[in-house]
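Single-structure report; data block below.
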Amino acid sequence: MSRNNARTFGSALREGREMLKTAGKPDFALEAALLLEQAAGLTRTERILREKEPLPAQADTIYQRFLSERKNGRPLQYILGEWEFMGLPFFVGEGVLIPRNDTEILVESILEKQNDCGTLLDIGTGSGCIPIALGKYGTFDKLLAVDISPTALAYAEKNAQRNGVEITFYESDLFTALPEEWKGRLDAVVSNPPYIRREEIPTLMQEVREFEPWNALDGGADGLDFYRRIIQESRKWLRTGGWLFFEIGYDQGKELLCLMKDGGFVQTEIRKDLAGLDRVVFGRKTETELESNV
Ligand code: GLN
């Protein structure tokens, strides 16, 4: 008589949960389930239906590797290789910032202010989540996106294709590689630039500081380096009346309003995230003193 000691999906899941709980991961239950499903190539429903069935050895090996990577701090999203943003799927991995829920506020602000229009440029596109969501939910004539990182751009291109959105990408340090023909012709510029104060980076969560690209986080000594550059340079590229949209850090609202106003932007506004913290700032470009009093 042989006893079947093989681990089942159910027991593997419970062990994984325990392991991640002990490692201090707050979402241990959800994470263990997602890792098991990915390792076995199953949907959630399929995995639940197999609760009492043995976990195939190959899936178990992958699952154990995933759990140990997660225990060591590698972000869940990088292990899974994809993540959702605004209900859309995005490939992610080392070298590209994981799309955050907070960024949905930025996309929604743009759709509210700018849905009927023309050409929009996203600076520092990363996974491409901003222009791809805009392409899916908005009605833009043309979407342009730049990033300084070829790794990020490779992800963004794959993601645009995956979601069926047409975007023209340029490898570029802000506006530097953008064709001259767009000077004064952009209807909107958007950016979620690196905005963490440099000295704060070592204090971020392990997942972020050890695994996510620093060049997507480091905003210089006061976190505002990219805002200053983009506000100044975007004036050459935006048409009069064009919009500039930023995601910002929760404590940067006041400073950004000042920078935007000093840079000649009017109708400036701040939007808060779901936690009630300042998260988005936007405004319109003017040409003259007179207009700036509007
Ligand atoms: N919101 C990101 C974080 O909290 C920062 C992204 C950025 O610098 N643009 O890690």
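By order of appearance in the structure tokens: chains A, B, ..., then residues from 1 within every chain, and ligands from 1 in the order shown.
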**Request:** Using only C-alpha atoms and all ligand atoms, determine which residues fall within 10 Å of ligand 1, then list them as a ChimeraX atom specification.
**Result:** /A:97-103,124,126,191-197,201,204-205,207-209,212-219,223,246-250,279
Please, could you write that set of residues out with N, CA and C atoms as a short mmCIF file (atom, residue, chain, number, x, y, z; two decimals), in the first residue's frame?
```cif
data_model
loop_
_atom_site.label_atom_id
_atom_site.label_comp_id
_atom_site.auth_asym_id
_atom_site.auth_seq_id
_atom_site.Cartn_x
_atom_site.Cartn_y
_atom_site.Cartn_z
N LEU A 97 9.89 51.09 -14.04
CA LEU A 97 9.09 51.35 -12.84
C LEU A 97 7.74 50.63 -12.95
N ILE A 98 7.33 50.01 -11.86
CA ILE A 98 6.04 49.32 -11.83
C ILE A 98 4.92 50.37 -11.81
N PRO A 99 3.93 50.25 -12.68
CA PRO A 99 2.82 51.23 -12.66
C PRO A 99 2.14 51.23 -11.29
N ARG A 100 1.88 52.44 -10.76
CA ARG A 100 1.26 52.60 -9.44
C ARG A 100 -0.19 53.04 -9.61
N ASN A 101 -1.03 52.64 -8.65
CA ASN A 101 -2.43 53.09 -8.67
C ASN A 101 -2.54 54.61 -8.66
N ASP A 102 -1.64 55.27 -7.91
CA ASP A 102 -1.69 56.74 -7.81
C ASP A 102 -1.69 57.40 -9.18
N THR A 103 -1.04 56.79 -10.13
CA THR A 103 -0.89 57.39 -11.45
C THR A 103 -2.21 57.43 -12.22
N GLY A 124 9.36 60.40 -19.94
CA GLY A 124 9.76 59.39 -18.97
C GLY A 124 8.68 58.33 -18.88
N GLY A 126 8.48 55.09 -19.13
CA GLY A 126 8.64 53.83 -18.38
C GLY A 126 7.94 52.68 -19.08
N SER A 191 4.00 64.19 -17.48
CA SER A 191 5.14 63.44 -16.96
C SER A 191 4.89 62.99 -15.52
N ASN A 192 5.32 61.75 -15.26
CA ASN A 192 5.48 61.27 -13.89
C ASN A 192 6.99 61.11 -13.73
N PRO A 193 7.69 62.23 -13.46
CA PRO A 193 9.16 62.17 -13.48
C PRO A 193 9.69 61.59 -12.17
N PRO A 194 10.98 61.32 -12.11
CA PRO A 194 11.55 60.93 -10.81
C PRO A 194 11.38 62.11 -9.85
N TYR A 195 10.79 61.86 -8.67
CA TYR A 195 10.55 63.00 -7.77
C TYR A 195 10.91 62.74 -6.31
N ILE A 196 11.61 61.66 -6.04
CA ILE A 196 12.02 61.38 -4.66
C ILE A 196 13.29 62.18 -4.36
N ARG A 197 13.33 62.79 -3.16
CA ARG A 197 14.57 63.47 -2.75
C ARG A 197 15.67 62.43 -2.62
N ILE A 201 15.99 58.10 -0.81
CA ILE A 201 15.92 56.83 -1.54
C ILE A 201 16.34 55.64 -0.67
N LEU A 204 13.46 54.11 1.37
CA LEU A 204 12.26 53.53 0.73
C LEU A 204 12.16 52.05 1.03
N MET A 205 11.00 51.45 0.74
CA MET A 205 10.83 50.00 0.92
C MET A 205 11.90 49.24 0.14
N GLU A 207 11.72 46.66 -1.69
CA GLU A 207 11.30 46.35 -3.06
C GLU A 207 11.66 47.48 -4.01
N VAL A 208 11.44 48.71 -3.55
CA VAL A 208 11.67 49.88 -4.40
C VAL A 208 13.16 50.19 -4.49
N ARG A 209 13.81 50.33 -3.33
CA ARG A 209 15.19 50.82 -3.35
C ARG A 209 16.18 49.81 -3.91
N GLU A 212 13.86 48.55 -8.05
CA GLU A 212 13.33 49.43 -9.10
C GLU A 212 14.42 50.40 -9.57
N PRO A 213 14.32 50.87 -10.81
CA PRO A 213 15.39 51.71 -11.37
C PRO A 213 15.49 53.06 -10.66
N TRP A 214 16.67 53.36 -10.15
CA TRP A 214 16.88 54.63 -9.44
C TRP A 214 16.67 55.82 -10.37
N ASN A 215 16.97 55.61 -11.65
CA ASN A 215 16.80 56.76 -12.56
C ASN A 215 15.33 57.07 -12.83
N ALA A 216 14.42 56.26 -12.29
CA ALA A 216 13.00 56.59 -12.36
C ALA A 216 12.50 57.20 -11.05
N LEU A 217 13.38 57.29 -10.05
CA LEU A 217 12.99 57.74 -8.72
C LEU A 217 13.69 59.02 -8.27
N ASP A 218 14.95 59.15 -8.64
CA ASP A 218 15.83 60.19 -8.07
C ASP A 218 15.57 61.56 -8.70
N GLY A 219 14.91 62.41 -7.92
CA GLY A 219 14.58 63.75 -8.42
C GLY A 219 15.59 64.82 -8.01
N GLY A 223 14.24 66.87 -4.95
CA GLY A 223 13.20 66.09 -5.64
C GLY A 223 12.55 66.81 -6.82
N PHE A 246 1.48 66.96 -14.34
CA PHE A 246 2.52 66.22 -13.60
C PHE A 246 1.91 65.35 -12.52
N GLU A 247 2.51 64.16 -12.32
CA GLU A 247 2.33 63.49 -11.02
C GLU A 247 3.37 64.10 -10.08
N ILE A 248 2.98 64.26 -8.81
CA ILE A 248 3.91 64.86 -7.84
C ILE A 248 3.92 64.03 -6.55
N GLY A 249 4.96 64.27 -5.73
CA GLY A 249 5.02 63.66 -4.40
C GLY A 249 3.99 64.33 -3.50
N TYR A 250 3.55 63.61 -2.45
CA TYR A 250 2.45 64.09 -1.60
C TYR A 250 2.74 65.44 -0.93
N ARG A 279 -1.41 64.81 -5.44
CA ARG A 279 -0.79 63.79 -6.30
C ARG A 279 -0.57 64.26 -7.73
#
```
**Request:** Please identify all polymer residues within 8 Å of Phe265 (chain A), counting only C-alpha atoms, omitting same-chain residues fewer than 3 positions from it, and present them as a PyMOL selection string.
**Result:** chain A and resi 260-262+268+283-286+292
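Nearest residue to Arg235 (chain A) among A:Ala188, A:Leu153, A:Cys129, A:Val281 is A:Ala188, counting only C-alpha atoms.
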**Message:** For a quick check of understanding, using only C-alpha atoms, which of A:Ile270, A:Leu80, A:Ala12, A:Ala160 has the smallest distance to Asp60 (chain A)?
**Reply:**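 Of the candidates, the smallest distance to Asp60 (chain A) is held by A:Ala12.
Here CA of Arg198 (chain A) and CA of Gly220 (chain A) stand 5.3 Å from one another.
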**Request:** Mind the document's chain letters and residue numbers, and return as a PyMOL selection string the residues of region 14-201 of chain A that DSSP labels strand (DSSP E or B).
**Result:** chain A and resi 54+82-85+88-91+119-123+142-147+168-171+186-191+196
**Message:** Report as an NGL selection string all protein, DNA and RNA residues lying within 10 Å of region 184-186 of chain A, evaluated on only C-alpha atoms, omitting residues in the same chain fewer than 5 positions from it.
**Reply:** :A and (118-121 or 142 or 144 or 234-243)
Could you save the residues just selected, with all heavy atoms, as a compact mmCIF listing (two decimals), in the first residue's frame?
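Saved as result.txt:
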```
# COMPACT_ATOMS: atom_id res chain seq x y z
N GLY A 118 -5.73 66.67 -29.81
CA GLY A 118 -4.55 66.66 -30.58
C GLY A 118 -3.42 65.75 -30.11
O GLY A 118 -3.55 64.56 -29.88
N THR A 119 -2.29 66.39 -29.99
CA THR A 119 -1.04 65.66 -29.79
C THR A 119 -0.56 65.78 -28.36
O THR A 119 -0.46 66.89 -27.83
CB THR A 119 0.04 66.20 -30.75
OG1 THR A 119 -0.45 66.06 -32.07
CG2 THR A 119 1.34 65.45 -30.60
N LEU A 120 -0.25 64.65 -27.77
CA LEU A 120 0.22 64.63 -26.38
C LEU A 120 1.57 63.91 -26.31
O LEU A 120 1.78 62.90 -26.98
CB LEU A 120 -0.81 63.90 -25.51
CG LEU A 120 -0.45 63.69 -24.05
CD1 LEU A 120 -1.67 63.93 -23.16
CD2 LEU A 120 0.12 62.30 -23.79
N LEU A 121 2.46 64.48 -25.49
CA LEU A 121 3.78 63.86 -25.26
C LEU A 121 3.89 63.42 -23.81
O LEU A 121 3.62 64.21 -22.90
CB LEU A 121 4.88 64.90 -25.56
CG LEU A 121 6.29 64.53 -25.07
CD1 LEU A 121 6.89 63.38 -25.88
CD2 LEU A 121 7.22 65.75 -25.10
N LYS A 142 -2.65 62.03 -31.76
CA LYS A 142 -1.29 61.48 -31.81
C LYS A 142 -0.72 61.41 -30.41
O LYS A 142 -0.84 62.34 -29.62
CB LYS A 142 -0.42 62.37 -32.69
CG LYS A 142 0.91 61.76 -33.01
CD LYS A 142 1.42 62.17 -34.39
CE LYS A 142 2.71 61.44 -34.73
NZ LYS A 142 2.58 60.00 -34.85
N LEU A 144 2.87 60.75 -28.37
CA LEU A 144 4.33 60.63 -28.44
C LEU A 144 4.82 60.29 -27.04
O LEU A 144 4.23 60.72 -26.04
CB LEU A 144 4.96 61.96 -28.85
CG LEU A 144 4.40 62.68 -30.09
CD1 LEU A 144 5.01 64.07 -30.20
CD2 LEU A 144 4.69 61.87 -31.34
N SER A 234 9.27 72.86 -21.64
CA SER A 234 7.99 72.56 -22.31
C SER A 234 7.41 73.80 -22.97
O SER A 234 6.62 73.68 -23.91
CB SER A 234 6.98 71.96 -21.31
OG SER A 234 6.61 72.93 -20.36
N ARG A 235 7.80 74.98 -22.48
CA ARG A 235 7.26 76.21 -23.09
C ARG A 235 7.60 76.30 -24.57
O ARG A 235 6.85 76.86 -25.35
CB ARG A 235 7.79 77.44 -22.35
CG ARG A 235 7.27 77.55 -20.94
CD ARG A 235 7.51 78.94 -20.38
NE ARG A 235 6.86 79.97 -21.18
CZ ARG A 235 5.58 80.31 -21.07
NH1 ARG A 235 4.81 79.72 -20.20
NH2 ARG A 235 5.07 81.26 -21.83
N LYS A 236 8.74 75.75 -24.96
CA LYS A 236 9.14 75.80 -26.38
C LYS A 236 8.30 74.85 -27.22
O LYS A 236 8.19 75.02 -28.42
CB LYS A 236 10.61 75.40 -26.54
CG LYS A 236 11.60 76.36 -25.88
CD LYS A 236 12.99 76.17 -26.41
CE LYS A 236 13.77 75.07 -25.75
NZ LYS A 236 14.39 75.22 -24.49
N TRP A 237 7.77 73.82 -26.61
CA TRP A 237 7.12 72.75 -27.37
C TRP A 237 5.60 72.80 -27.33
O TRP A 237 4.93 72.33 -28.26
CB TRP A 237 7.59 71.38 -26.84
CG TRP A 237 9.07 71.19 -27.03
CD1 TRP A 237 10.06 71.58 -26.17
CD2 TRP A 237 9.72 70.63 -28.17
NE1 TRP A 237 11.29 71.27 -26.71
CE2 TRP A 237 11.11 70.68 -27.94
CE3 TRP A 237 9.26 70.07 -29.37
CZ2 TRP A 237 12.05 70.20 -28.84
CZ3 TRP A 237 10.20 69.59 -30.29
CH2 TRP A 237 11.58 69.66 -30.02
N LEU A 238 5.05 73.38 -26.25
CA LEU A 238 3.59 73.48 -26.14
C LEU A 238 3.08 74.64 -26.97
O LEU A 238 3.74 75.68 -27.07
CB LEU A 238 3.20 73.72 -24.68
CG LEU A 238 3.19 72.52 -23.74
CD1 LEU A 238 3.04 73.00 -22.29
CD2 LEU A 238 2.05 71.56 -24.09
N ARG A 239 1.89 74.48 -27.52
CA ARG A 239 1.24 75.63 -28.14
C ARG A 239 0.69 76.52 -27.03
O ARG A 239 0.54 76.06 -25.87
CB ARG A 239 0.11 75.16 -29.06
CG ARG A 239 -1.03 74.51 -28.31
CD ARG A 239 -2.25 74.32 -29.20
NE ARG A 239 -3.26 73.48 -28.58
CZ ARG A 239 -4.17 73.91 -27.70
NH1 ARG A 239 -4.20 75.16 -27.32
NH2 ARG A 239 -5.06 73.07 -27.19
N THR A 240 0.36 77.76 -27.35
CA THR A 240 -0.29 78.62 -26.37
C THR A 240 -1.61 77.97 -25.97
O THR A 240 -2.35 77.51 -26.84
CB THR A 240 -0.54 80.02 -26.96
OG1 THR A 240 0.72 80.55 -27.37
CG2 THR A 240 -1.19 80.94 -25.96
N GLY A 241 -1.86 77.91 -24.69
CA GLY A 241 -3.09 77.26 -24.23
C GLY A 241 -2.93 75.77 -24.01
O GLY A 241 -3.84 75.11 -23.51
N GLY A 242 -1.76 75.22 -24.39
CA GLY A 242 -1.50 73.78 -24.19
C GLY A 242 -1.37 73.47 -22.70
O GLY A 242 -1.05 74.34 -21.89
N TRP A 243 -1.63 72.22 -22.37
CA TRP A 243 -1.65 71.81 -20.96
C TRP A 243 -0.36 71.08 -20.57
O TRP A 243 0.19 70.31 -21.36
CB TRP A 243 -2.81 70.85 -20.70
CG TRP A 243 -4.17 71.47 -20.79
CD1 TRP A 243 -4.92 71.64 -21.91
CD2 TRP A 243 -4.93 72.01 -19.71
NE1 TRP A 243 -6.12 72.24 -21.59
CE2 TRP A 243 -6.15 72.48 -20.25
CE3 TRP A 243 -4.70 72.15 -18.33
CZ2 TRP A 243 -7.14 73.07 -19.46
CZ3 TRP A 243 -5.69 72.73 -17.55
CH2 TRP A 243 -6.90 73.19 -18.11
```
**Request:** Would you please work out which residue, of A:Lys113, A:Lys52, A:Lys136, A:Lys25, is nearest to Arg70 (chain A) when using only C-alpha atoms?
**Result:** A:Lys25
**Item:** Between CA of Ala39 (chain A) and CA of Phe66 (chain A), distance in Å (one decimal)
**Value:**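 Distance between the two atoms: 7.8 Å.
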**Request:** Between A:Tyr155, A:Phe226, A:Phe140, A:Phe28, single out the one closest to Pro89 (chain A), counting only C-alpha atoms.
**Result:**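 The answer is A:Tyr155, which sits nearest to Pro89 (chain A).
Using only C-alpha atoms, the smallest distance between any of A:Ile79, A:Val107, A:Leu88, A:Ala40 and Asp273 (chain A) comes from A:Val107.
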With only C-alpha atoms as the counted atoms, please give the residues lying no more than 9 Å from Leu67 (chain A), apart from itself and same-chain residues fewer than 3 positions off, as a compact mmCIF listing (two decimals) with all heavy atoms, in the first residue's frame.
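For reference, out_27.txt as written:
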```
# COMPACT_ATOMS: atom_id res chain seq x y z
N GLY A 16 3.23 28.48 1.25
CA GLY A 16 3.70 29.73 0.65
C GLY A 16 3.24 30.94 1.44
O GLY A 16 4.01 31.87 1.69
N MET A 19 5.27 31.22 4.57
CA MET A 19 6.64 31.67 4.28
C MET A 19 6.67 33.18 4.07
O MET A 19 7.52 33.89 4.60
CB MET A 19 7.09 30.95 3.02
CG MET A 19 8.53 31.09 2.67
SD MET A 19 8.78 29.93 1.29
CE MET A 19 10.43 30.27 0.88
N LEU A 20 5.71 33.70 3.31
CA LEU A 20 5.70 35.13 3.01
C LEU A 20 5.25 35.94 4.23
O LEU A 20 5.71 37.07 4.43
CB LEU A 20 4.80 35.43 1.81
CG LEU A 20 5.27 34.82 0.47
CD1 LEU A 20 4.35 35.25 -0.67
CD2 LEU A 20 6.72 35.23 0.14
N ALA A 32 0.95 34.75 -2.42
CA ALA A 32 1.21 33.31 -2.57
C ALA A 32 0.30 32.72 -3.63
O ALA A 32 0.73 31.90 -4.47
CB ALA A 32 1.02 32.60 -1.23
N LEU A 35 1.48 33.80 -7.14
CA LEU A 35 2.73 33.12 -7.52
C LEU A 35 2.47 31.66 -7.88
O LEU A 35 3.05 31.14 -8.85
CB LEU A 35 3.77 33.23 -6.40
CG LEU A 35 4.30 34.66 -6.14
CD1 LEU A 35 5.20 34.69 -4.92
CD2 LEU A 35 5.04 35.21 -7.36
N LEU A 36 1.58 31.02 -7.13
CA LEU A 36 1.25 29.62 -7.42
C LEU A 36 0.56 29.52 -8.79
O LEU A 36 0.87 28.63 -9.60
CB LEU A 36 0.37 29.05 -6.31
CG LEU A 36 -0.06 27.60 -6.47
CD1 LEU A 36 1.15 26.66 -6.57
CD2 LEU A 36 -0.96 27.16 -5.30
N ILE A 62 9.19 25.78 -9.81
CA ILE A 62 9.07 27.21 -10.17
C ILE A 62 8.48 27.99 -9.00
O ILE A 62 8.96 29.07 -8.64
CB ILE A 62 8.20 27.37 -11.43
CG1 ILE A 62 8.83 26.63 -12.61
CG2 ILE A 62 8.01 28.84 -11.78
CD1 ILE A 62 7.94 26.56 -13.85
N TYR A 63 7.46 27.43 -8.38
CA TYR A 63 6.79 28.08 -7.25
C TYR A 63 7.79 28.35 -6.12
O TYR A 63 7.85 29.44 -5.55
CB TYR A 63 5.66 27.18 -6.78
CG TYR A 63 4.84 27.68 -5.61
CD1 TYR A 63 4.24 28.93 -5.62
CD2 TYR A 63 4.62 26.86 -4.51
CE1 TYR A 63 3.46 29.37 -4.56
CE2 TYR A 63 3.83 27.28 -3.43
CZ TYR A 63 3.26 28.54 -3.47
OH TYR A 63 2.49 28.96 -2.42
N GLN A 64 8.62 27.33 -5.81
CA GLN A 64 9.62 27.50 -4.73
C GLN A 64 10.61 28.61 -5.09
O GLN A 64 11.02 29.39 -4.23
CB GLN A 64 10.38 26.19 -4.47
CG GLN A 64 9.54 25.05 -3.92
CD GLN A 64 8.74 25.45 -2.68
OE1 GLN A 64 9.20 26.22 -1.85
NE2 GLN A 64 7.53 24.94 -2.58
N ARG A 70 10.72 36.25 -3.79
CA ARG A 70 9.82 37.20 -3.12
C ARG A 70 10.28 37.44 -1.69
O ARG A 70 10.28 38.57 -1.20
CB ARG A 70 8.39 36.65 -3.15
CG ARG A 70 7.36 37.61 -2.62
CD ARG A 70 7.21 38.81 -3.52
NE ARG A 70 6.52 39.90 -2.84
CZ ARG A 70 7.12 40.96 -2.30
NH1 ARG A 70 8.43 41.11 -2.39
NH2 ARG A 70 6.42 41.89 -1.70
N LYS A 71 10.71 36.35 -1.01
CA LYS A 71 11.21 36.45 0.35
C LYS A 71 12.41 37.40 0.40
O LYS A 71 12.60 38.15 1.34
CB LYS A 71 11.62 35.06 0.84
CG LYS A 71 11.41 34.84 2.30
CD LYS A 71 11.69 33.42 2.69
CE LYS A 71 13.19 33.13 2.69
NZ LYS A 71 13.50 31.80 3.22
N ASN A 72 13.22 37.34 -0.68
CA ASN A 72 14.40 38.20 -0.71
C ASN A 72 14.11 39.61 -1.18
O ASN A 72 15.02 40.40 -1.41
CB ASN A 72 15.47 37.58 -1.62
CG ASN A 72 16.02 36.31 -1.01
OD1 ASN A 72 16.10 36.19 0.21
ND2 ASN A 72 16.39 35.35 -1.86
```
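The space separating CA of Arg271 (chain A) from CA of Ile132 (chain A) comes to 21.2 Å.
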**Request:** Looking only at alpha helix (DSSP H) from DSSP on the backbone, list the matching residues of region 46-217 of chain A as a PyMOL selection string.
**Result:** chain A and resi 46-49+57-71+76-80+103-114+129-137+150-163+206
So that I have them on file, write out the residues from the current selection with C-alpha atoms, as a short mmCIF file (atom, residue, chain, number, x, y, z; two decimals), in the first residue's frame.
```
data_model
loop_
_atom_site.label_atom_id
_atom_site.label_comp_id
_atom_site.auth_asym_id
_atom_site.auth_seq_id
_atom_site.Cartn_x
_atom_site.Cartn_y
_atom_site.Cartn_z
CA GLU A 46 -8.48 26.55 -12.14
CA ARG A 47 -6.17 26.72 -9.15
CA ILE A 48 -9.08 26.67 -6.69
CA LEU A 49 -10.64 23.66 -8.44
CA ALA A 57 6.89 18.73 -9.70
CA GLN A 58 7.84 21.23 -12.39
CA ALA A 59 5.30 23.79 -11.17
CA ASP A 60 6.46 23.20 -7.61
CA THR A 61 10.08 23.93 -8.54
CA ILE A 62 9.07 27.21 -10.17
CA TYR A 63 6.79 28.08 -7.25
CA GLN A 64 9.62 27.50 -4.73
CA ARG A 65 11.92 29.73 -6.78
CA PHE A 66 9.27 32.47 -6.95
CA LEU A 67 8.70 32.28 -3.18
CA SER A 68 12.37 32.54 -2.40
CA GLU A 69 12.79 35.52 -4.76
CA ARG A 70 9.82 37.20 -3.12
CA LYS A 71 11.21 36.45 0.35
CA LEU A 76 5.84 40.52 -6.88
CA GLN A 77 5.20 42.37 -10.16
CA TYR A 78 8.68 41.61 -11.51
CA ILE A 79 8.33 37.93 -10.59
CA LEU A 80 4.95 37.70 -12.30
CA THR A 103 -0.89 57.39 -11.45
CA GLU A 104 -4.50 56.70 -12.38
CA ILE A 105 -5.33 60.13 -10.91
CA LEU A 106 -2.96 61.66 -13.44
CA VAL A 107 -4.56 59.82 -16.37
CA GLU A 108 -8.05 60.74 -15.16
CA SER A 109 -7.11 64.43 -14.84
CA ILE A 110 -5.84 64.43 -18.42
CA LEU A 111 -8.96 62.71 -19.73
CA GLU A 112 -11.09 65.29 -17.95
CA LYS A 113 -9.21 68.34 -19.27
CA GLN A 114 -7.89 67.23 -22.58
CA CYS A 129 1.24 52.99 -18.85
CA ILE A 130 0.22 56.66 -19.17
CA PRO A 131 -0.02 57.06 -22.97
CA ILE A 132 -1.34 53.51 -23.39
CA ALA A 133 -4.21 54.17 -20.95
CA LEU A 134 -4.83 57.51 -22.66
CA GLY A 135 -4.90 55.79 -26.04
CA LYS A 136 -7.38 53.23 -24.76
CA TYR A 137 -9.72 55.58 -22.90
CA PRO A 150 16.34 51.80 -23.76
CA THR A 151 15.21 49.05 -21.38
CA ALA A 152 12.11 51.01 -20.41
CA LEU A 153 11.39 51.82 -24.06
CA ALA A 154 11.56 48.15 -25.03
CA TYR A 155 8.89 47.42 -22.41
CA ALA A 156 6.78 50.41 -23.48
CA GLU A 157 6.85 49.31 -27.12
CA LYS A 158 5.80 45.77 -26.25
CA ASN A 159 3.05 47.11 -24.00
CA ALA A 160 1.71 49.47 -26.66
CA GLN A 161 1.55 46.57 -29.08
CA ARG A 162 -0.08 44.30 -26.53
CA ASN A 163 -2.80 46.86 -25.85
CA GLN A 206 13.33 47.28 0.03
#
```
**Prompt:** In terms of the shortest atom-to-atom distance over only C-alpha atoms, which of A:Gly24, A:Gly263, A:Gln252, A:Ala275 is closest to Gly73 (chain A)?
**Reply:** A:Gly24
